[in-house]
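Data from work03.cif: mmCIF, C-alpha atoms
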```
data_query
#
loop_
_atom_site.group_PDB
_atom_site.id
_atom_site.type_symbol
_atom_site.label_atom_id
_atom_site.label_comp_id
_atom_site.auth_asym_id
_atom_site.auth_seq_id
_atom_site.Cartn_x
_atom_site.Cartn_y
_atom_site.Cartn_z
ATOM 1 C CA MET A 16 5.471 36.635 -110.561
ATOM 2 C CA SER A 17 3.160 39.546 -109.836
ATOM 3 C CA ILE A 18 4.253 42.913 -108.545
ATOM 4 C CA ALA A 19 2.022 45.105 -106.407
ATOM 5 C CA THR A 20 2.510 48.837 -106.304
ATOM 6 C CA LEU A 21 1.091 51.383 -103.944
ATOM 7 C CA ASN A 22 -0.503 54.413 -105.491
ATOM 8 C CA ASN A 23 -0.379 57.160 -102.860
ATOM 9 C CA ASP A 24 -2.553 59.409 -105.033
ATOM 10 C CA VAL A 25 -5.634 57.225 -104.504
ATOM 11 C CA ASP A 26 -8.076 58.547 -101.923
ATOM 12 C CA ARG A 27 -9.242 55.902 -99.496
ATOM 13 C CA ALA A 28 -12.940 55.839 -98.693
ATOM 14 C CA THR A 29 -13.669 56.104 -94.992
ATOM 15 C CA PRO A 30 -16.934 54.452 -94.008
ATOM 16 C CA THR A 31 -19.623 56.890 -92.956
ATOM 17 C CA VAL A 32 -20.878 56.137 -89.470
ATOM 18 C CA ALA A 33 -24.511 57.065 -88.925
ATOM 19 C CA PRO A 34 -25.486 58.378 -85.482
ATOM 20 C CA VAL A 35 -27.423 56.034 -83.240
ATOM 21 C CA THR A 36 -31.141 56.648 -82.787
ATOM 22 C CA LEU A 37 -33.588 55.998 -79.965
ATOM 23 C CA ALA A 38 -34.763 52.869 -81.778
ATOM 24 C CA ASP A 39 -31.261 51.312 -82.016
ATOM 25 C CA ARG A 40 -30.832 48.402 -79.611
ATOM 26 C CA CYS A 41 -27.688 46.589 -78.409
ATOM 27 C CA ASP A 42 -26.691 43.604 -80.577
ATOM 28 C CA ALA A 43 -24.448 42.012 -77.922
ATOM 29 C CA SER A 44 -25.252 38.577 -76.618
ATOM 30 C CA ALA A 45 -26.487 38.562 -73.029
ATOM 31 C CA VAL A 46 -28.375 36.440 -70.523
ATOM 32 C CA VAL A 47 -32.041 37.317 -70.933
ATOM 33 C CA GLY A 48 -35.295 36.194 -69.359
ATOM 34 C CA LYS A 49 -37.553 34.026 -71.505
ATOM 35 C CA PRO A 50 -41.363 33.985 -71.403
ATOM 36 C CA ASN A 51 -41.282 30.627 -69.565
ATOM 37 C CA GLY A 52 -39.360 32.197 -66.653
ATOM 38 C CA ARG A 53 -36.033 30.568 -67.539
ATOM 39 C CA THR A 54 -32.938 32.451 -68.632
ATOM 40 C CA GLY A 55 -31.020 31.935 -71.833
ATOM 41 C CA ARG A 56 -28.796 33.724 -74.347
ATOM 42 C CA GLY A 57 -30.243 36.449 -76.524
ATOM 43 C CA ALA A 58 -29.598 39.991 -77.654
ATOM 44 C CA CYS A 59 -28.948 42.477 -74.837
ATOM 45 C CA GLY A 60 -31.604 44.823 -76.246
ATOM 46 C CA ALA A 61 -30.550 47.881 -74.207
ATOM 47 C CA GLN A 62 -30.589 51.283 -75.879
ATOM 48 C CA GLY A 63 -27.669 51.614 -78.273
ATOM 49 C CA PHE A 64 -25.061 54.329 -77.767
ATOM 50 C CA VAL A 65 -22.170 52.896 -79.820
ATOM 51 C CA ARG A 66 -22.216 52.061 -83.547
ATOM 52 C CA ALA A 67 -19.256 50.155 -84.982
ATOM 53 C CA VAL A 68 -18.928 49.911 -88.766
ATOM 54 C CA LEU A 69 -16.720 46.994 -89.783
ATOM 55 C CA PRO A 70 -14.438 47.156 -92.834
ATOM 56 C CA SER A 71 -17.009 44.979 -94.652
ATOM 57 C CA GLY A 72 -19.565 47.801 -94.263
ATOM 58 C CA ASN A 73 -21.730 45.877 -91.794
ATOM 59 C CA ASP A 74 -22.479 47.644 -88.544
ATOM 60 C CA LEU A 75 -23.076 46.603 -84.969
ATOM 61 C CA ILE A 76 -24.893 48.541 -82.246
ATOM 62 C CA PHE A 77 -23.869 48.308 -78.591
ATOM 63 C CA CYS A 78 -25.100 49.734 -75.313
ATOM 64 C CA ALA A 79 -22.484 51.712 -73.367
ATOM 65 C CA HIS A 80 -21.464 48.678 -71.272
ATOM 66 C CA HIS A 81 -20.978 46.294 -74.193
ATOM 67 C CA GLY A 82 -19.390 49.052 -76.312
ATOM 68 C CA ARG A 83 -16.678 49.551 -73.685
ATOM 69 C CA GLU A 84 -16.292 45.791 -73.309
ATOM 70 C CA GLN A 85 -15.789 45.253 -77.083
ATOM 71 C CA GLU A 86 -13.856 48.449 -77.900
ATOM 72 C CA ALA A 87 -10.364 46.874 -78.157
ATOM 73 C CA ALA A 88 -11.562 43.977 -80.328
ATOM 74 C CA LEU A 89 -13.494 46.322 -82.628
ATOM 75 C CA ALA A 90 -10.470 48.611 -83.017
ATOM 76 C CA ALA A 91 -8.255 45.601 -83.774
ATOM 77 C CA ALA A 92 -10.765 44.533 -86.442
ATOM 78 C CA GLY A 93 -10.473 47.961 -88.104
ATOM 79 C CA ALA A 94 -13.976 49.145 -87.190
ATOM 80 C CA SER A 95 -14.965 52.814 -87.374
ATOM 81 C CA ILE A 96 -16.624 53.603 -84.063
ATOM 82 C CA HIS A 97 -19.162 56.334 -83.350
ATOM 83 C CA GLU A 98 -20.012 56.506 -79.668
ATOM 84 C CA GLU A 99 -22.584 58.727 -78.031
ATOM 85 C CA THR A 100 -22.256 57.612 -74.421
ATOM 86 C CA GLY A 101 -21.988 61.284 -73.458
ATOM 87 C CA THR A 102 -25.688 61.620 -74.249
ATOM 88 C CA ILE A 103 -26.765 59.004 -71.697
ATOM 89 C CA ASN A 104 -29.522 60.534 -69.540
ATOM 90 C CA GLY A 105 -29.668 63.424 -72.022
ATOM 91 C CA ARG A 106 -32.530 61.833 -73.909
ATOM 92 C CA PRO A 107 -35.161 59.333 -72.769
ATOM 93 C CA SER A 108 -35.063 55.755 -73.988
ATOM 94 C CA VAL A 109 -37.886 54.201 -75.989
ATOM 95 C CA ALA A 110 -38.864 52.205 -72.875
ATOM 96 C CA ALA A 111 -39.074 55.406 -70.834
ATOM 97 C CA ASN A 112 -41.445 56.877 -73.436
ATOM 98 C CA ALA A 113 -43.765 53.882 -73.050
ATOM 99 C CA LEU A 114 -44.451 54.629 -69.370
#
```
Translate the structure of the given file into structure tokens.
Amino acid sequence: MSIATLNNDVDRATPTVAPVTLADRCDASAVVGKPNGRTGRGACGAQGFVRAVLPSGNDLIFCAHHGREQEAALAAAGASIHEETGTINGRPSVAANAL
């Protein structure tokens, strides 16, 4: 029989959540147009405004829409979430810079 004890003196490491950048794109699955004119599933690809770091250390980037859509599931999974949706329209997207 094993006995587990809790040591309250141990500091728990909180994952560091890096801010999103102009180059970060949404990882969510979405219906996208293909070169042949048909639609299919692929990455959303919109500018990222939400970064979720999972307990494993892996991170996911979401646009504002998909970030809101996945927020409850990410919180339930124990993700640390850094959202910058307040900066929407405060900085141009990469696509806007290409014009």
Nearest-residue call for Ser95 in chain A, choices A:Ala61, A:Cys78, A:Ala67, A:Ala33, using all atoms listed in the file: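 Closest to Ser95 in chain A of all the choices is A:Ala67.
The set of residues that the PyMOL selection byres ((chain A and resi 82) around 9) takes from this file is Cys41, Ala43, Gly63, Phe64, Val65, Arg66, Ala67, Ile76, Phe77, Cys78, Ala79, His80, His81, Arg83, Glu84, Gln85, Glu86 and Glu98 of chain A.
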Interatomic distance (Å, one decimal) between CA of Val35 in chain A and CA of His97 in chain A: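 Distance reported for this atom pair: 8.3 Å.
Between CA of Thr100 in chain A and CA of Ala58 in chain A the separation is 19.4 Å.
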Output check: residues returned by the PyMOL selection byres ((chain A and resi 71) around 10), as a PDB file with C-alpha atoms, keeping the file's coordinate frame:
```
ATOM      1  CA  PRO A  30     -16.934  54.452 -94.008  1.00  0.00           C
ATOM      2  CA  VAL A  68     -18.928  49.911 -88.766  1.00  0.00           C
ATOM      3  CA  LEU A  69     -16.720  46.994 -89.783  1.00  0.00           C
ATOM      4  CA  PRO A  70     -14.438  47.156 -92.834  1.00  0.00           C
ATOM      5  CA  GLY A  72     -19.565  47.801 -94.263  1.00  0.00           C
ATOM      6  CA  ASN A  73     -21.730  45.877 -91.794  1.00  0.00           C
ATOM      7  CA  ASP A  74     -22.479  47.644 -88.544  1.00  0.00           C
ATOM      8  CA  GLY A  93     -10.473  47.961 -88.104  1.00  0.00           C
ATOM      9  CA  ALA A  94     -13.976  49.145 -87.190  1.00  0.00           C
TER      10      ALA A  94
END
```
Atomic separation - CA of Gly101 in chain A relative to CA of Arg40 in chain A, Å: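 Rounded to one decimal, the two atoms are 16.8 Å apart.
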Option closest in space to Leu75 in chain A, from A:Ile103, A:Gln62, A:Thr54, A:Asp42 [counting only C-alpha atoms]: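 Result for the nearest residue to Leu75 in chain A: A:Asp42.
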Using all atoms listed in the file: which of A:Ala91, A:Thr102, A:Gly60, A:Ile96 has the shortest distance to Asp39 in chain A: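 Ranked by minimum distance to Asp39 in chain A, first place goes to A:Gly60.
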Could you put an axis-aligned box around every listed atom of range 70-76 of chain A, padded by 8 Å on each side, and send me its centre and edge lengths in Å to one decimal, as AutoDock Vina command-line options?
```
--center_x -19.7 --center_y 46.8 --center_z -88.4 --size_x 26.5 --size_y 19.6 --size_z 28.4
```
